[in-house]
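Heads up: the structure comes next, in structure tokens.
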Amino acid sequence: MKSSRLKTGLLLIVLMVVTGCSEPPAPTEIQLALTQETELWRAGASVYTPESYQQYLSALNSARDLYTRERSRMVWFRDYQPIARSFAQVHAMGEKMQGEVQTVALQQSTEISQTADALQKRITLLKELAEELKDRRLAMRKLTQADIRIEDAKRLAKERRSKEANQKLEAARIDIDAVIKTLRPLLARYADRQQIARWKSQVDKALAESRREGKDVIIVRKVDRQLTLYRKGGRVRDFNAGFGFNFLADKLYSGDKATPEGEYKIVKKLPYSRYYKALLIDYPNQEDQQRFALAKKKKLIPANVGIGNLIEIHGGGNDSMTNGCISLQDHHISDLFAQVDVGTPVVIVGTIDYDNIIASALRGLN
């Protein structure tokens, strides 16, 4: 027994002499893996490849535990070769995942960019339409809010916070869809080919009569914001025109601020009016009265409102918003006033162009 202990003691003394009681150097694979872990975290591996990242961390923690257990052994009994192999496997997993992270990050960044561009295009279409039509309702506060959210999403995407970026984009989409949902009933008829055909038929009929009888006719096109004087079926002059605040709608009752649509005529010339000179038309005509009565019967309009009257072509400027009248620059109404007589037909339509700016915008918004 004493001999065995003596031999063991002598062996320890020999090992201490040979090794100098020094610890074997830690495998370089350990530092490579630890550095890689930091790089993967900064690259957003937990966001872009969460499952692979958890598997990687599990393997890394196992390798660390193995290293910790090995270090708990006496210095001269430690074997770091299995540790090196374990951390090398972890490093290989990390290298593969780095490629996956770059691929997913690029894909998500591209998708966010494409979604942001598509949403921005819809906002731009609405803003351009608002500018073209001079209708402030098309540039609603929600569009500004959506604009801000899209810019936030782009910033978050650069910071590799794709989940938050997509949340911002979804909120922006909801804002834009809410605006479009509100406006679509108002705009849809300008993309309705049957409605446009009816408007075109009214204009063609009036021009044919002008050619046949050699008379003047005034054609008003809301979408183009133009009033045109024709004589004997030929164009005499175009005038830029302003309309009611709710001009895209057809007038139905007093106070709706819409400019009426239909076939009318000048019933009175007013050399002095609140808005310089004015040409009074015969709104409401019989068709307007029938539409009003039907809407009242169906309870589509307030019970206490009347049909309205006193619709004029007057001065005051073509950039002003009226209560339903058609406004021209003062020198333009003077010119028109001098050229037309009482009884001159006036045809007011939404558009005669099937591919008008509203129809084109609606196609882009779909």
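Residue numbering restarts at 1 in every chain; chains get A, B, ... in the order shown in the structure tokens, and ligands count up from 1 in that same order.
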With only C-alpha atoms counted and 12 Å as the cut-off, give the residues of segment 43-110 of chain A in contact with segment 30-36 of chain A, each with its shortest interatomic distance in Å and the pair that gives it, as a tab-separated table.
```
residue	atom	partner	partner_atom	distance
A:Ala43	CA	A:Gln36	CA	10.3
A:Ala45	CA	A:Gln36	CA	11.2
A:Tyr53	CA	A:Gln36	CA	11.9
A:Tyr56	CA	A:Ala33	CA	10.4
A:Leu57	CA	A:Ala33	CA	10.6
A:Ala59	CA	A:Ala33	CA	10.7
A:Leu60	CA	A:Ala33	CA	7.9
A:Asn61	CA	A:Leu34	CA	10.7
A:Ala63	CA	A:Ile30	CA	8.8
A:Arg64	CA	A:Ile30	CA	8.6
A:Leu66	CA	A:Ile30	CA	11.5
A:Tyr67	CA	A:Ile30	CA	9.1
A:Thr68	CA	A:Ile30	CA	11.9
A:Tyr80	CA	A:Ile30	CA	10.5
A:Gln81	CA	A:Ile30	CA	11.5
A:Pro82	CA	A:Ile30	CA	11.7
A:Ile83	CA	A:Ile30	CA	8.2
A:Ala84	CA	A:Ile30	CA	7.1
A:Arg85	CA	A:Ile30	CA	9.8
A:Ser86	CA	A:Ile30	CA	9.0
A:Phe87	CA	A:Ile30	CA	5.7
A:Ala88	CA	A:Ala33	CA	7.6
A:Gln89	CA	A:Ala33	CA	9.3
A:Val90	CA	A:Ala33	CA	6.7
A:His91	CA	A:Ala33	CA	5.2
A:Ala92	CA	A:Ala33	CA	8.9
A:Met93	CA	A:Ala33	CA	9.7
A:Gly94	CA	A:Gln36	CA	6.9
A:Glu95	CA	A:Gln36	CA	8.2
A:Lys96	CA	A:Gln36	CA	11.5
A:Met97	CA	A:Gln36	CA	10.5
A:Gln98	CA	A:Gln36	CA	9.2
```
Skipping near chain neighbours, those fewer than 4 positions away, what residues fall within 8 Å of Ile313 of chain A using only C-alpha atoms, listed as JSON, numbers by chain?
-> {"A": [278, 279, 280, 281, 325, 326, 327, 328, 333]}
Could you work out how far atom CA of Pro302 of chain A lies from atom CA of Tyr253 of chain A, giving the answer in Å with one decimal?
->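 Interatomic distance here is 9.0 Å.
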Enumerate the residues of segment 184-273 of chain A with a DSSP assignment of strand (DSSP E or B), computed from the backbone, and present them as a short mmCIF file (atom, residue, chain, number, x, y, z; two decimals) with N, CA and C atoms, in the first residue's frame.
```
data_model
loop_
_atom_site.label_atom_id
_atom_site.label_comp_id
_atom_site.auth_asym_id
_atom_site.auth_seq_id
_atom_site.Cartn_x
_atom_site.Cartn_y
_atom_site.Cartn_z
N ASP A 216 -74.48 79.07 -80.70
CA ASP A 216 -73.44 78.86 -79.68
C ASP A 216 -73.88 77.79 -78.69
N VAL A 217 -72.89 77.16 -78.07
CA VAL A 217 -73.15 76.24 -76.97
C VAL A 217 -71.94 76.29 -76.04
N ILE A 218 -72.22 76.21 -74.75
CA ILE A 218 -71.15 76.18 -73.74
C ILE A 218 -71.06 74.76 -73.18
N ILE A 219 -69.86 74.19 -73.24
CA ILE A 219 -69.61 72.85 -72.69
C ILE A 219 -68.68 73.01 -71.49
N VAL A 220 -69.08 72.45 -70.36
CA VAL A 220 -68.27 72.51 -69.13
C VAL A 220 -67.86 71.08 -68.76
N ARG A 221 -66.54 70.88 -68.60
CA ARG A 221 -66.00 69.57 -68.22
C ARG A 221 -65.33 69.71 -66.86
N GLN A 226 -62.59 73.00 -67.14
CA GLN A 226 -62.65 73.88 -68.31
C GLN A 226 -64.07 74.16 -68.75
N LEU A 227 -64.27 75.38 -69.20
CA LEU A 227 -65.50 75.80 -69.87
C LEU A 227 -65.09 76.18 -71.29
N THR A 228 -65.80 75.63 -72.27
CA THR A 228 -65.45 75.89 -73.67
C THR A 228 -66.67 76.45 -74.41
N LEU A 229 -66.44 77.53 -75.15
CA LEU A 229 -67.48 78.12 -75.98
C LEU A 229 -67.32 77.58 -77.40
N TYR A 230 -68.41 77.00 -77.92
CA TYR A 230 -68.44 76.51 -79.31
C TYR A 230 -69.41 77.38 -80.11
N ARG A 231 -69.10 77.56 -81.40
CA ARG A 231 -69.99 78.28 -82.31
C ARG A 231 -70.08 77.49 -83.60
N GLY A 234 -67.93 74.51 -83.76
CA GLY A 234 -66.48 74.66 -83.72
C GLY A 234 -66.03 75.35 -82.44
N ARG A 235 -64.88 74.94 -81.94
CA ARG A 235 -64.36 75.52 -80.70
C ARG A 235 -63.98 76.99 -80.93
N VAL A 236 -64.47 77.87 -80.04
CA VAL A 236 -64.12 79.29 -80.10
C VAL A 236 -63.04 79.61 -79.08
N ARG A 237 -63.27 79.20 -77.84
CA ARG A 237 -62.28 79.51 -76.80
C ARG A 237 -62.49 78.63 -75.57
N ASP A 238 -61.36 78.29 -74.93
CA ASP A 238 -61.39 77.56 -73.66
C ASP A 238 -61.15 78.53 -72.52
N PHE A 239 -61.83 78.30 -71.41
CA PHE A 239 -61.63 79.10 -70.20
C PHE A 239 -61.38 78.16 -69.02
N ASN A 240 -60.35 78.43 -68.23
CA ASN A 240 -60.14 77.67 -67.00
C ASN A 240 -61.25 78.03 -66.02
N GLY A 242 -63.43 77.32 -62.13
CA GLY A 242 -63.50 76.84 -60.76
C GLY A 242 -64.90 76.32 -60.50
N GLY A 244 -67.74 74.15 -57.42
CA GLY A 244 -68.12 74.00 -56.03
C GLY A 244 -67.12 73.13 -55.29
N ASP A 250 -72.45 65.17 -58.34
CA ASP A 250 -73.53 65.85 -59.05
C ASP A 250 -74.44 66.50 -58.02
N THR A 259 -71.48 71.09 -57.97
CA THR A 259 -71.85 71.74 -59.22
C THR A 259 -72.73 70.79 -60.02
N GLY A 262 -75.73 68.28 -66.32
CA GLY A 262 -76.91 68.11 -67.15
C GLY A 262 -76.95 69.13 -68.28
N GLU A 263 -78.13 69.22 -68.90
CA GLU A 263 -78.33 70.13 -70.04
C GLU A 263 -79.16 71.32 -69.57
N TYR A 264 -78.57 72.51 -69.63
CA TYR A 264 -79.20 73.72 -69.14
C TYR A 264 -79.15 74.80 -70.22
N LYS A 265 -79.62 75.99 -69.84
CA LYS A 265 -79.49 77.14 -70.75
C LYS A 265 -79.39 78.40 -69.92
N ILE A 266 -78.81 79.43 -70.51
CA ILE A 266 -78.71 80.72 -69.83
C ILE A 266 -80.09 81.37 -69.83
N VAL A 267 -80.55 81.75 -68.63
CA VAL A 267 -81.88 82.36 -68.52
C VAL A 267 -81.79 83.86 -68.18
N LYS A 268 -80.60 84.29 -67.76
CA LYS A 268 -80.49 85.71 -67.42
C LYS A 268 -79.02 86.13 -67.43
N LYS A 269 -78.77 87.34 -67.95
CA LYS A 269 -77.42 87.92 -67.92
C LYS A 269 -77.41 89.02 -66.86
N LEU A 270 -76.47 88.91 -65.91
CA LEU A 270 -76.41 89.87 -64.81
C LEU A 270 -75.13 90.70 -64.94
N PRO A 271 -75.24 91.94 -65.45
CA PRO A 271 -74.04 92.76 -65.63
C PRO A 271 -73.39 93.15 -64.31
N TYR A 272 -74.17 93.15 -63.23
CA TYR A 272 -73.64 93.44 -61.90
C TYR A 272 -74.05 92.31 -60.96
N SER A 273 -73.07 91.70 -60.36
CA SER A 273 -73.36 90.61 -59.44
C SER A 273 -72.36 90.63 -58.31
#
```
Between A:Lys257, A:Arg161, A:Lys154, A:Arg225, smallest distance to Asp319 of chain A by only C-alpha atoms belongs to A:Arg225
Segment 143-288 of chain A: residues DSSP assigns to helix (DSSP H, G or I), reported as JSON, numbers by chain = {"A": [143, 144, 145, 146, 147, 148, 149, 150, 151, 152, 153, 154, 155, 156, 157, 158, 162, 163, 164, 165, 166, 167, 168, 169, 170, 171, 172, 173, 174, 175, 176, 177, 178, 179, 180, 181, 182, 183, 184, 185, 186, 187, 188, 189, 190, 191, 193, 194, 195, 196, 197, 198, 199, 200, 201, 202, 203, 204, 205, 206, 207, 208, 209, 210, 211, 212, 213, 286, 287, 288]}
Using only C-alpha atoms, which protein or nucleic acid residues come within 8 Å of Lys200 of chain A? Drop anything in the same chain fewer than 4 positions from it, and give the result as a PDB file with N, CA and C atoms, in the first residue's frame.
```
ATOM      1  N   ILE A 196     -69.612  57.732 -68.455  1.00  0.00           N
ATOM      2  CA  ILE A 196     -68.861  58.600 -69.370  1.00  0.00           C
ATOM      3  C   ILE A 196     -69.537  58.626 -70.743  1.00  0.00           C
ATOM      4  N   ASP A 204     -72.021  65.413 -77.493  1.00  0.00           N
ATOM      5  CA  ASP A 204     -72.142  65.198 -78.939  1.00  0.00           C
ATOM      6  C   ASP A 204     -73.466  65.748 -79.467  1.00  0.00           C
ATOM      7  N   THR A 351     -66.808  64.346 -67.461  1.00  0.00           N
ATOM      8  CA  THR A 351     -65.714  64.194 -68.417  1.00  0.00           C
ATOM      9  C   THR A 351     -66.267  63.530 -69.668  1.00  0.00           C
ATOM     10  N   ILE A 352     -65.524  63.644 -70.768  1.00  0.00           N
ATOM     11  CA  ILE A 352     -65.873  62.896 -71.984  1.00  0.00           C
ATOM     12  C   ILE A 352     -64.698  62.001 -72.382  1.00  0.00           C
TER      13      ILE A 352
END
```
Contacts of Arg184 of chain A within 12 Å, only C-alpha atoms, excl. fewer than 5 positions in-chain, as a list in words | Leu126, Leu138, Ile176, Asp177, Ala178, Val179, Arg189, Tyr190, Ala191, Asp192, Leu248, Ala249, Ile358, Ala359, Ala361, Leu362, Arg363, Leu365 and Asn366 of chain A
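Between Asn323 of chain A and the candidates A:Leu156, A:Leu187, A:Ala293, A:Ala258, the tightest atom-to-atom separation, counting only C-alpha atoms, involves A:Ala258.
Atom CA of Trp41 of chain A lies 22.1 Å from atom CA of Gln167 of chain A.
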Which residue gives the smallest distance to Arg141 of chain A among A:Leu129, A:Arg193, A:Asp175, A:Asp65, with only C-alpha atoms counted?
->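 Closest candidate: A:Asp175.
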Counting only C-alpha atoms, what is within 12 Å of Gly233 of chain A, bar same-chain residues fewer than 6 positions away, as a PyMOL selection string?
-> chain A and resi 203-219
Within 12 Å of Ala303 of chain A, counting only C-alpha atoms, which residues qualify if same-chain residues fewer than 4 places away don't, as a ChimeraX atom specification?
-> /A:253-254,292-293,295-299,307
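The space between atom CA of Gly44 of chain A and atom CA of Ser113 of chain A spans 18.1 Å.
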Near Ser46 of chain A, within 12 Å and counting only C-alpha atoms, which residues show up once chain neighbours fewer than 4 positions away are dropped, as number ranges by chain?
-> A: 37-42, 50-57, 97-98, 100-101, 104-105, 160-163
